[in-house]
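Only one structure is covered here, and it is reproduced in the block below.
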Amino acid sequence: MTEVAGTVLERDGAAYRVATADGEVRAVLSGKTKRDVPRVVVGDRVTLLPDPVGGLATITDVAPRKSLLERRVPLGRGTRPIAANIDTVFVVTSNCDPAPVPQLIDRLLVVAEANEIPAAVVINKVDLDPGIWLEERCRKAGYPVFRTSARTGAGLAELRAAMAGRESVVTGPSGAGKSSLLNALQPGLTLRTGELSAKLRRGRNTTVSALMLPFEGGYLVDTPGFNEVGLWGIEPRELASCFPEFRPLIGQCRFQDCRHVSEPGCRIQEAVAAGVIAPDRLESYRMLLEETEAEPRDWE
Ligand SMILES: Nc1nc2c(ncn2[C@@H]2O[C@H](COP(=O)(O)OP(=O)(O)O)[C@@H](O)[C@H]2O)c(=O)[nH]1
Ligand SMILES: [Mg+2]
Ligand SMILES: [Zn+2]
C-alpha cells in the first residue's frame, strides 16, 4: 500500500476522520506519530497508510503547521490546540440591527492576532446601512474589509473568492448575519458556532471540539470554542502587539514599560491625538488590558 495525503476533518473517539483525494477514511495515529505530535487536530495535513483490507488507516506523519489556533490554559498549564492551518478568521459584524459593538469586534481580532492567524472584517447588512465609518476604522487598523449583504447578494462574490480553496473561521456577534451569509454562499450549511453575546462570557470552559466542513473548495472550521478562546493567558505586556497599527510604535514611548494608558510621552496616545490611530481602538485596548490584568485565576 502506498501512502496518501489527507486533511483531518474531525476527531472521532480515538480515531480521526480524514479527507483524502479518494474520499474520507478513518485513521489512527502510529506509535511514532503519537510520540512526535501528542495532539493531532482538525486541519492537520497528514500522511496516511491505508489499511489493505479497508480497516482503520494509520497516520504516519503530520506536516508542519502554518498556523495553530490554541486555547491557552491558565496557571501556566500551557496551551491546548484547537485547529491547525487556518488561513483567515473572518469577523462578521452588522452595521446596524444590531448596531456594531467595536469592542466585541476588536476582542475577536485580538484573539486571532494572539494566535498569529490573519483576520478580516466582514461588514454585513450593507443593504440597511453602508457602514463607511466602520469600514474606515477597520482598514485603518490594518484589516481587509468585505462589505456584504446576505439579503441582496452584494459583495458575496468577493467574499467567496477570499474563502475559495482556503481554511476559514467565521465568527462574530449574534445577529450579524453569519448563518445567512454562509447559507447564501452554500445553501443548507449550518454551523454550531457559539456566539458572542454582548454580555461577555468569561471563565466558561466549553470543550466542544472543532469540525471542518468542505466549503468553497476549501474548509470552514466550525469551532464553537472560538469565542471561548478568550484572552486567557494573554500577557498584558503582549496585548499592544495584538493591535497591528500599534506595532510600529511599541518600544518608542518614554517609558519602556509604558501601558499606553495615562503615561506621559506615550507614542500611542500621541498617535490617537494626531488622528493616526482611532480613539476607540485605544479604548478597546484599555478595556482588554484591564481584563488581562484583572484576570481571575479561578475559572477551572
Ligand atoms: N437586511 C438584512 N438582514 C440580514 C442580512 N443578513 C442577515 N440578516 C438578518 O439578520 C438576522 C440575523 O441573521 P443570522 O444569519 O441568524 O445571524 P447570526 O446570528 O450571525 O448567524 C436574520 O433575521 C437575518 O434574516 C443582510 O445582509 N441584510
Ligand atoms: Mg447563526
Ligand atoms: Zn505608551
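By order of appearance in the C-alpha cells: chains A, B, ..., then residues from 1 within every chain, and ligands from 1 in the order shown.
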
Which residues are close to Asp22 (chain A), i.e. within 10 Å by only C-alpha atoms, leaving aside same-chain residues fewer than 2 positions away? Reply as a JSON list (two decimals) with C-alpha atoms, in the first residue's frame.
[["chain", "number", "residue", "atom", "x", "y", "z"],
["A", 4, "VAL", "CA", -1.61, 9.10, 0.64],
["A", 5, "ALA", "CA", -2.08, 12.69, 1.79],
["A", 6, "GLY", "CA", -5.07, 13.77, 3.83],
["A", 19, "ALA", "CA", -10.32, 13.61, 3.84],
["A", 20, "THR", "CA", -8.21, 12.21, 1.02],
["A", 24, "GLU", "CA", -12.94, 10.01, 3.63],
["A", 25, "VAL", "CA", -11.20, 7.41, 5.77]]

All residues having an atom within 9 Å of ligand 1 (only C-alpha atoms and all ligand atoms) as a PDB file with C-alpha atoms, in the first residue's frame:
ATOM      1  CA  VAL A  92     -18.621  39.278  10.789  1.00  0.00           C
ATOM      2  CA  THR A  93     -20.430  42.310  12.107  1.00  0.00           C
ATOM      3  CA  SER A  94     -23.587  44.022  11.024  1.00  0.00           C
ATOM      4  CA  ASP A  97     -29.701  45.968  13.532  1.00  0.00           C
ATOM      5  CA  PRO A  98     -27.888  45.121  15.757  1.00  0.00           C
ATOM      6  CA  ILE A 123     -19.484  44.232   7.356  1.00  0.00           C
ATOM      7  CA  ASN A 124     -22.833  42.664   6.574  1.00  0.00           C
ATOM      8  CA  LYS A 125     -26.292  44.185   6.025  1.00  0.00           C
ATOM      9  CA  VAL A 126     -24.944  46.923   3.780  1.00  0.00           C
ATOM     10  CA  ASP A 127     -28.435  46.994   2.267  1.00  0.00           C
ATOM     11  CA  LEU A 128     -29.553  48.629   5.520  1.00  0.00           C
ATOM     12  CA  ASP A 129     -26.599  50.954   6.076  1.00  0.00           C
ATOM     13  CA  THR A 148     -21.749  42.246   2.109  1.00  0.00           C
ATOM     14  CA  SER A 149     -25.476  41.777   2.132  1.00  0.00           C
ATOM     15  CA  ALA A 150     -26.803  38.286   2.595  1.00  0.00           C
ATOM     16  CA  ARG A 151     -30.154  39.723   1.546  1.00  0.00           C
ATOM     17  CA  THR A 152     -29.229  41.332  -1.793  1.00  0.00           C
ATOM     18  CA  GLY A 153     -26.110  39.296  -2.541  1.00  0.00           C
ATOM     19  CA  ALA A 154     -23.889  42.376  -2.634  1.00  0.00           C
ATOM     20  CA  THR A 171     -17.075  34.316  13.924  1.00  0.00           C
ATOM     21  CA  GLY A 172     -18.791  37.440  15.210  1.00  0.00           C
ATOM     22  CA  PRO A 173     -21.584  38.650  17.411  1.00  0.00           C
ATOM     23  CA  SER A 174     -25.011  37.070  17.339  1.00  0.00           C
ATOM     24  CA  GLY A 175     -27.401  38.543  14.795  1.00  0.00           C
ATOM     25  CA  ALA A 176     -24.667  39.858  12.487  1.00  0.00           C
ATOM     26  CA  GLY A 177     -25.817  37.504   9.735  1.00  0.00           C
ATOM     27  CA  LYS A 178     -23.181  34.756   9.803  1.00  0.00           C
ATOM     28  CA  SER A 179     -25.659  31.943   9.191  1.00  0.00           C
ATOM     29  CA  SER A 180     -27.401  33.953   6.469  1.00  0.00           C
ATOM     30  CA  LEU A 181     -24.107  34.708   4.719  1.00  0.00           C
ATOM     31  CA  LEU A 182     -22.878  31.124   4.775  1.00  0.00           C
ATOM     32  CA  ASN A 183     -26.258  29.912   3.600  1.00  0.00           C
ATOM     33  CA  LEU A 191     -22.555  25.773  11.882  1.00  0.00           C
ATOM     34  CA  THR A 193     -20.573  28.288  16.072  1.00  0.00           C
ATOM     35  CA  GLU A 195     -21.962  33.198  19.507  1.00  0.00           C
TER      36      GLU A 195
END

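Proximal residues of ligand 3 are A:Cys253, A:Cys258, A:Arg259, A:His260, A:Cys266, A:Arg267, A:Ile268, by a cut-off of 6 Å on only C-alpha atoms and all ligand atoms.
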
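Nearest residue to Val8 (chain A), choosing from A:Ala141, A:Val221, A:Val111, A:Ala273 and counting only C-alpha atoms: A:Val221.
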
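The residues of region 106-281 of chain A that DSSP classifies as strand (DSSP E or B), using the backbone of this structure, are A:Ala119, A:Ala120, A:Val121, A:Val122, A:Ile123, A:Asn124, A:Val145, A:Phe146, A:Arg147, A:Glu167, A:Ser168, A:Val169, A:Val170, A:Thr171, A:Pro173, A:Leu196, A:Leu211, A:Met212, A:Leu213, A:Pro214, A:Phe215, A:Gly218, A:Tyr219, A:Leu220, A:Val221, A:Asp222.
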
Next, write the just-selected residues to a file, as a tab-separated table (two decimals), in the first residue's frame, keeping C-alpha atoms as the atom set.
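Ended up saving to result_3.tsv:
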chain	number	residue	atom	x	y	z
A	119	ALA	CA	-8.04	38.27	10.29
A	120	ALA	CA	-10.50	40.12	8.09
A	121	VAL	CA	-13.69	42.02	8.87
A	122	VAL	CA	-16.99	41.40	7.10
A	123	ILE	CA	-19.48	44.23	7.36
A	124	ASN	CA	-22.83	42.66	6.57
A	145	VAL	CA	-12.77	44.63	4.90
A	146	PHE	CA	-15.55	42.92	2.96
A	147	ARG	CA	-18.89	44.65	2.62
A	167	GLU	CA	-9.41	27.26	5.50
A	168	SER	CA	-11.56	29.84	7.27
A	169	VAL	CA	-13.12	30.54	10.62
A	170	VAL	CA	-16.28	32.65	10.65
A	171	THR	CA	-17.08	34.32	13.92
A	173	PRO	CA	-21.58	38.65	17.41
A	196	LEU	CA	-20.53	36.03	21.49
A	211	LEU	CA	-15.01	20.23	12.93
A	212	MET	CA	-14.05	21.03	9.34
A	213	LEU	CA	-16.73	21.38	6.71
A	214	PRO	CA	-15.97	21.39	2.99
A	215	PHE	CA	-16.71	24.90	1.77
A	218	GLY	CA	-11.62	24.75	0.99
A	219	TYR	CA	-12.90	24.32	4.52
A	220	LEU	CA	-14.84	26.14	7.17
A	221	VAL	CA	-13.64	25.39	10.65
A	222	ASP	CA	-16.75	25.05	12.75

Inset, instruction - Would you list the contacts of region 137-140 of chain A as an MDAnalysis selection string, taking every protein, DNA or RNA residue within 10 Å and counting only C-alpha atoms, but skipping same-chain residues closer than 4 positions in sequence? - result: chainID A and resid 102 105:106 120:123 132:133 144:145 244:245 276:281

Export of the given selection (N, CA and C atoms) as a PDB file, in the first residue's frame:
ATOM      1  N   PRO A 102     -17.844  47.950  18.644  1.00  0.00           N
ATOM      2  CA  PRO A 102     -16.431  47.876  18.252  1.00  0.00           C
ATOM      3  C   PRO A 102     -15.592  47.032  19.207  1.00  0.00           C
ATOM      4  N   ILE A 105     -15.803  43.383  18.259  1.00  0.00           N
ATOM      5  CA  ILE A 105     -15.042  43.104  17.042  1.00  0.00           C
ATOM      6  C   ILE A 105     -13.551  43.038  17.388  1.00  0.00           C
ATOM      7  N   ASP A 106     -13.093  44.031  18.143  1.00  0.00           N
ATOM      8  CA  ASP A 106     -11.671  44.091  18.482  1.00  0.00           C
ATOM      9  C   ASP A 106     -11.242  42.905  19.327  1.00  0.00           C
ATOM     10  N   ALA A 120      -9.842  39.182   8.984  1.00  0.00           N
ATOM     11  CA  ALA A 120     -10.503  40.121   8.094  1.00  0.00           C
ATOM     12  C   ALA A 120     -11.853  40.451   8.711  1.00  0.00           C
ATOM     13  N   VAL A 121     -12.393  41.598   8.340  1.00  0.00           N
ATOM     14  CA  VAL A 121     -13.686  42.021   8.873  1.00  0.00           C
ATOM     15  C   VAL A 121     -14.717  41.962   7.751  1.00  0.00           C
ATOM     16  N   VAL A 122     -15.878  41.408   8.055  1.00  0.00           N
ATOM     17  CA  VAL A 122     -16.986  41.396   7.098  1.00  0.00           C
ATOM     18  C   VAL A 122     -18.086  42.284   7.659  1.00  0.00           C
ATOM     19  N   ILE A 123     -18.391  43.353   6.939  1.00  0.00           N
ATOM     20  CA  ILE A 123     -19.484  44.232   7.356  1.00  0.00           C
ATOM     21  C   ILE A 123     -20.711  43.821   6.564  1.00  0.00           C
ATOM     22  N   ILE A 132     -19.789  53.123   6.285  1.00  0.00           N
ATOM     23  CA  ILE A 132     -18.499  53.638   5.832  1.00  0.00           C
ATOM     24  C   ILE A 132     -17.535  53.876   6.990  1.00  0.00           C
ATOM     25  N   TRP A 133     -18.017  54.422   8.085  1.00  0.00           N
ATOM     26  CA  TRP A 133     -17.116  54.720   9.217  1.00  0.00           C
ATOM     27  C   TRP A 133     -16.492  53.450   9.762  1.00  0.00           C
ATOM     28  N   PRO A 144      -8.244  43.784   6.151  1.00  0.00           N
ATOM     29  CA  PRO A 144      -9.064  43.786   4.940  1.00  0.00           C
ATOM     30  C   PRO A 144     -10.539  43.814   5.345  1.00  0.00           C
ATOM     31  N   VAL A 145     -11.345  44.521   4.575  1.00  0.00           N
ATOM     32  CA  VAL A 145     -12.768  44.633   4.897  1.00  0.00           C
ATOM     33  C   VAL A 145     -13.598  44.169   3.708  1.00  0.00           C
ATOM     34  N   PRO A 244      -2.457  45.697  15.285  1.00  0.00           N
ATOM     35  CA  PRO A 244      -1.444  45.872  14.234  1.00  0.00           C
ATOM     36  C   PRO A 244      -0.965  47.313  14.073  1.00  0.00           C
ATOM     37  N   GLU A 245      -1.890  48.268  14.209  1.00  0.00           N
ATOM     38  CA  GLU A 245      -1.484  49.662  13.973  1.00  0.00           C
ATOM     39  C   GLU A 245      -0.686  50.228  15.145  1.00  0.00           C
ATOM     40  N   VAL A 276      -4.046  59.381  13.876  1.00  0.00           N
ATOM     41  CA  VAL A 276      -3.465  58.261  13.135  1.00  0.00           C
ATOM     42  C   VAL A 276      -4.082  56.933  13.601  1.00  0.00           C
ATOM     43  N   ILE A 277      -4.349  56.854  14.897  1.00  0.00           N
ATOM     44  CA  ILE A 277      -4.994  55.665  15.460  1.00  0.00           C
ATOM     45  C   ILE A 277      -6.385  56.074  15.936  1.00  0.00           C
ATOM     46  N   ALA A 278      -7.385  55.229  15.640  1.00  0.00           N
ATOM     47  CA  ALA A 278      -8.754  55.546  16.036  1.00  0.00           C
ATOM     48  C   ALA A 278      -8.879  55.508  17.556  1.00  0.00           C
ATOM     49  N   PRO A 279      -9.520  56.533  18.139  1.00  0.00           N
ATOM     50  CA  PRO A 279      -9.652  56.588  19.599  1.00  0.00           C
ATOM     51  C   PRO A 279     -10.319  55.345  20.179  1.00  0.00           C
ATOM     52  N   ASP A 280     -11.302  54.806  19.462  1.00  0.00           N
ATOM     53  CA  ASP A 280     -11.987  53.658  20.060  1.00  0.00           C
ATOM     54  C   ASP A 280     -11.167  52.363  19.968  1.00  0.00           C
ATOM     55  N   ARG A 281     -10.112  52.381  19.151  1.00  0.00           N
ATOM     56  CA  ARG A 281      -9.190  51.227  19.167  1.00  0.00           C
ATOM     57  C   ARG A 281      -8.381  51.262  20.458  1.00  0.00           C
TER      58      ARG A 281
END

Legend entry - Nearest to Pro50 (chain A) by atom-to-atom distance, counting only C-alpha atoms, from A:Leu185, A:Ala27, A:Val37, A:Val62: A:Ala27

Inset, instruction - Determine, counting only C-alpha atoms, which protein, DNA and RNA residues have an atom within 12 Å of an atom of Leu288 (chain A); residues of the same chain fewer than 4 positions away are not included. Present the result as a PyMOL selection string. - result: chain A and resi 103-111+200+230-232+234-240+242-243+259+261+281-284+292-295

Store the residues picked out above, limited to N, CA and C atoms, as a compact mmCIF listing (two decimals), in the first residue's frame.
# COMPACT_ATOMS: atom_id res chain seq x y z
N GLN A 103 -15.90 47.07 20.49
CA GLN A 103 -15.09 46.30 21.45
C GLN A 103 -15.22 44.80 21.22
N LEU A 104 -16.40 44.37 20.77
CA LEU A 104 -16.56 42.93 20.51
C LEU A 104 -15.77 42.53 19.27
N ILE A 105 -15.80 43.38 18.26
CA ILE A 105 -15.04 43.10 17.04
C ILE A 105 -13.55 43.04 17.39
N ASP A 106 -13.09 44.03 18.14
CA ASP A 106 -11.67 44.09 18.48
C ASP A 106 -11.24 42.91 19.33
N ARG A 107 -12.11 42.47 20.19
CA ARG A 107 -11.79 41.33 21.03
C ARG A 107 -11.51 40.08 20.18
N LEU A 108 -12.35 39.88 19.17
CA LEU A 108 -12.15 38.71 18.30
C LEU A 108 -10.91 38.89 17.43
N LEU A 109 -10.66 40.11 17.00
CA LEU A 109 -9.44 40.38 16.21
C LEU A 109 -8.21 40.10 17.06
N VAL A 110 -8.26 40.46 18.33
CA VAL A 110 -7.12 40.24 19.22
C VAL A 110 -6.88 38.74 19.42
N VAL A 111 -7.95 37.98 19.54
CA VAL A 111 -7.78 36.52 19.68
C VAL A 111 -7.08 35.96 18.45
N LEU A 200 -20.16 39.88 27.79
CA LEU A 200 -19.02 39.00 27.53
C LEU A 200 -19.06 37.78 28.45
N GLY A 230 -11.06 33.28 24.13
CA GLY A 230 -10.92 34.40 25.05
C GLY A 230 -9.52 34.95 25.11
N LEU A 231 -9.26 35.68 26.14
CA LEU A 231 -7.96 36.33 26.29
C LEU A 231 -7.14 35.61 27.33
N TRP A 232 -7.61 34.45 27.74
CA TRP A 232 -6.94 33.73 28.80
C TRP A 232 -5.47 33.55 28.48
N ILE A 234 -3.22 35.61 27.78
CA ILE A 234 -2.50 36.66 27.06
C ILE A 234 -1.90 37.58 28.11
N GLU A 235 -0.60 37.76 28.02
CA GLU A 235 0.08 38.62 28.97
C GLU A 235 -0.28 40.08 28.69
N PRO A 236 -0.56 40.86 29.74
CA PRO A 236 -0.85 42.28 29.50
C PRO A 236 0.22 42.93 28.62
N ARG A 237 1.46 42.52 28.79
CA ARG A 237 2.56 43.14 28.03
C ARG A 237 2.51 42.80 26.54
N GLU A 238 1.90 41.69 26.17
CA GLU A 238 1.86 41.34 24.74
C GLU A 238 0.60 41.86 24.06
N LEU A 239 -0.30 42.47 24.83
CA LEU A 239 -1.58 42.89 24.25
C LEU A 239 -1.42 43.96 23.17
N ALA A 240 -0.56 44.95 23.40
CA ALA A 240 -0.42 46.05 22.43
C ALA A 240 -0.02 45.52 21.06
N CYS A 242 -1.03 42.96 19.69
CA CYS A 242 -2.19 42.35 19.04
C CYS A 242 -3.05 43.41 18.34
N PHE A 243 -2.60 44.65 18.35
CA PHE A 243 -3.24 45.75 17.62
C PHE A 243 -2.25 46.16 16.52
N ARG A 259 2.22 51.42 29.61
CA ARG A 259 1.00 50.62 29.40
C ARG A 259 0.07 51.31 28.40
N VAL A 261 -1.72 53.97 28.81
CA VAL A 261 -2.99 54.33 29.44
C VAL A 261 -2.99 55.82 29.78
N ARG A 281 -10.11 52.38 19.15
CA ARG A 281 -9.19 51.23 19.17
C ARG A 281 -8.38 51.26 20.46
N LEU A 282 -7.93 52.46 20.85
CA LEU A 282 -7.20 52.57 22.11
C LEU A 282 -8.12 52.24 23.28
N GLU A 283 -9.39 52.64 23.12
CA GLU A 283 -10.37 52.31 24.16
C GLU A 283 -10.51 50.79 24.30
N SER A 284 -10.60 50.10 23.17
CA SER A 284 -10.69 48.64 23.20
C SER A 284 -9.46 48.05 23.88
N THR A 292 -7.03 41.58 31.01
CA THR A 292 -5.89 40.66 31.14
C THR A 292 -5.18 40.87 32.47
N GLU A 293 -5.19 42.11 32.96
CA GLU A 293 -4.52 42.38 34.24
C GLU A 293 -5.33 41.88 35.43
N ALA A 294 -6.64 41.93 35.27
CA ALA A 294 -7.51 41.58 36.39
C ALA A 294 -7.94 40.13 36.36
N GLU A 295 -7.46 39.42 35.34
CA GLU A 295 -7.91 38.06 35.10
C GLU A 295 -8.02 37.22 36.38

Legend entry - Distance in Å - CA of Gln186 (chain A) versus CA of Thr47 (chain A): 29.4 Å

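The coordinates place CA of Gly43 (chain A) at 6.4 Å from CA of Leu9 (chain A).
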
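When only C-alpha atoms are used to measure the gap to Thr2 (chain A), the shortest distance among A:Pro38, A:Pro52, A:Gly23, A:Gly165 belongs to A:Pro52.
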
Please run DSSP on the backbone and report, as a CSV table (one decimal) with C-alpha atoms, in the first residue's frame, all residues within region 90-280 of chain A that come out as helix (DSSP H, G or I).
chain,number,residue,atom,x,y,z
A,102,PRO,CA,-16.4,47.9,18.3
A,103,GLN,CA,-15.1,46.3,21.4
A,104,LEU,CA,-16.6,42.9,20.5
A,105,ILE,CA,-15.0,43.1,17.0
A,106,ASP,CA,-11.7,44.1,18.5
A,107,ARG,CA,-11.8,41.3,21.0
A,108,LEU,CA,-12.2,38.7,18.3
A,109,LEU,CA,-9.4,40.4,16.2
A,110,VAL,CA,-7.1,40.2,19.2
A,111,VAL,CA,-7.8,36.5,19.7
A,112,ALA,CA,-6.8,36.0,16.0
A,113,GLU,CA,-3.7,38.1,16.4
A,114,ALA,CA,-2.6,36.3,19.6
A,132,ILE,CA,-18.5,53.6,5.8
A,133,TRP,CA,-17.1,54.7,9.2
A,134,LEU,CA,-16.8,51.1,10.3
A,135,GLU,CA,-15.0,50.2,7.2
A,136,GLU,CA,-12.6,53.1,7.6
A,137,ARG,CA,-12.0,52.2,11.2
A,138,CYS,CA,-11.1,48.6,10.4
A,139,ARG,CA,-9.0,49.4,7.4
A,140,LYS,CA,-7.1,52.0,9.3
A,156,LEU,CA,-20.7,37.8,-1.9
A,157,ALA,CA,-18.6,37.2,-4.9
A,158,GLU,CA,-15.6,38.9,-3.2
A,159,LEU,CA,-16.1,37.0,0.0
A,160,ARG,CA,-16.5,33.7,-1.9
A,161,ALA,CA,-13.2,34.4,-3.7
A,162,ALA,CA,-11.4,35.2,-0.4
A,163,MET,CA,-12.6,31.8,1.0
A,178,LYS,CA,-23.2,34.8,9.8
A,179,SER,CA,-25.7,31.9,9.2
A,180,SER,CA,-27.4,34.0,6.5
A,181,LEU,CA,-24.1,34.7,4.7
A,182,LEU,CA,-22.9,31.1,4.8
A,183,ASN,CA,-26.3,29.9,3.6
A,184,ALA,CA,-26.2,32.4,0.8
A,185,LEU,CA,-22.8,31.0,-0.2
A,226,PHE,CA,-13.6,30.3,19.1
A,227,ASN,CA,-15.3,32.9,21.2
A,228,GLU,CA,-14.4,31.0,24.3
A,229,VAL,CA,-10.7,31.0,23.3
A,236,PRO,CA,-0.8,42.3,29.5
A,237,ARG,CA,2.6,43.1,28.0
A,238,GLU,CA,1.9,41.3,24.7
A,239,LEU,CA,-1.6,42.9,24.2
A,240,ALA,CA,-0.4,46.0,22.4
A,241,SER,CA,1.2,43.9,19.8
A,242,CYS,CA,-2.2,42.3,19.0
A,244,PRO,CA,-1.4,45.9,14.2
A,245,GLU,CA,-1.5,49.7,14.0
A,246,PHE,CA,0.2,50.0,17.4
A,247,ARG,CA,3.1,47.7,16.4
A,248,PRO,CA,5.4,50.3,14.7
A,249,LEU,CA,5.2,52.5,17.9
A,267,ARG,CA,3.6,57.5,21.4
A,268,ILE,CA,0.4,55.5,21.0
A,269,GLN,CA,-1.6,58.2,22.9
A,270,GLU,CA,0.1,60.8,20.7
A,271,ALA,CA,-0.9,58.9,17.5
A,272,VAL,CA,-4.5,58.9,18.7
A,273,ALA,CA,-4.3,62.7,19.3
A,279,PRO,CA,-9.7,56.6,19.6
A,280,ASP,CA,-12.0,53.7,20.1

Contact residues around Val41 (chain A) with only C-alpha atoms at 9 Å, ignoring same-chain residues under 5 positions, as a PDB file with N, CA and C atoms, in the first residue's frame:
ATOM      1  N   VAL A   8      -7.208  16.284   8.263  1.00  0.00           N
ATOM      2  CA  VAL A   8      -8.046  15.832   9.376  1.00  0.00           C
ATOM      3  C   VAL A   8      -9.296  16.713   9.469  1.00  0.00           C
ATOM      4  N   LEU A   9     -10.471  16.064   9.411  1.00  0.00           N
ATOM      5  CA  LEU A   9     -11.724  16.812   9.450  1.00  0.00           C
ATOM      6  C   LEU A   9     -12.342  16.824  10.842  1.00  0.00           C
ATOM      7  N   GLU A  10     -12.120  15.736  11.586  1.00  0.00           N
ATOM      8  CA  GLU A  10     -12.797  15.638  12.874  1.00  0.00           C
ATOM      9  C   GLU A  10     -12.163  14.545  13.700  1.00  0.00           C
ATOM     10  N   ARG A  11     -12.169  14.740  14.984  1.00  0.00           N
ATOM     11  CA  ARG A  11     -11.746  13.680  15.867  1.00  0.00           C
ATOM     12  C   ARG A  11     -12.975  12.821  16.139  1.00  0.00           C
ATOM     13  N   TYR A  16      -9.576   9.411  13.820  1.00  0.00           N
ATOM     14  CA  TYR A  16      -9.785  10.688  13.143  1.00  0.00           C
ATOM     15  C   TYR A  16     -10.478  10.425  11.828  1.00  0.00           C
ATOM     16  N   PRO A  81      -4.298  22.854  21.623  1.00  0.00           N
ATOM     17  CA  PRO A  81      -4.574  23.168  20.221  1.00  0.00           C
ATOM     18  C   PRO A  81      -6.017  22.867  19.853  1.00  0.00           C
ATOM     19  N   ILE A  82      -6.596  23.705  18.988  1.00  0.00           N
ATOM     20  CA  ILE A  82      -7.984  23.526  18.557  1.00  0.00           C
ATOM     21  C   ILE A  82      -8.041  23.178  17.077  1.00  0.00           C
ATOM     22  N   ALA A  83      -7.334  23.935  16.266  1.00  0.00           N
ATOM     23  CA  ALA A  83      -7.371  23.703  14.818  1.00  0.00           C
ATOM     24  C   ALA A  83      -6.081  24.210  14.189  1.00  0.00           C
ATOM     25  N   ALA A  84      -5.616  23.496  13.176  1.00  0.00           N
ATOM     26  CA  ALA A  84      -4.354  23.839  12.525  1.00  0.00           C
ATOM     27  C   ALA A  84      -4.606  24.408  11.132  1.00  0.00           C
ATOM     28  N   ALA A 210     -13.659  21.010  17.529  1.00  0.00           N
ATOM     29  CA  ALA A 210     -13.809  21.646  16.229  1.00  0.00           C
ATOM     30  C   ALA A 210     -14.081  20.604  15.142  1.00  0.00           C
TER      31      ALA A 210
END

Legend entry - Using only C-alpha atoms and all ligand atoms: which of A:Tyr285, A:Ser209, A:Thr190, A:Gly265 has the shortest distance to ligand 2: A:Thr190

Legend entry - Among the residues A:Leu189, A:Gly251, A:Val42, A:Ala99, the one that comes closest to ligand 2 [using only C-alpha atoms and all ligand atoms]: A:Leu189

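Here CA of Thr58 (chain A) is placed at a distance of 25.4 Å from CA of Thr223 (chain A).
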
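When only C-alpha atoms and all ligand atoms are used to compute distances to ligand 2, the closest of the residues A:Leu49, A:Val101, A:Thr60, A:Arg192 turns out to be A:Arg192.
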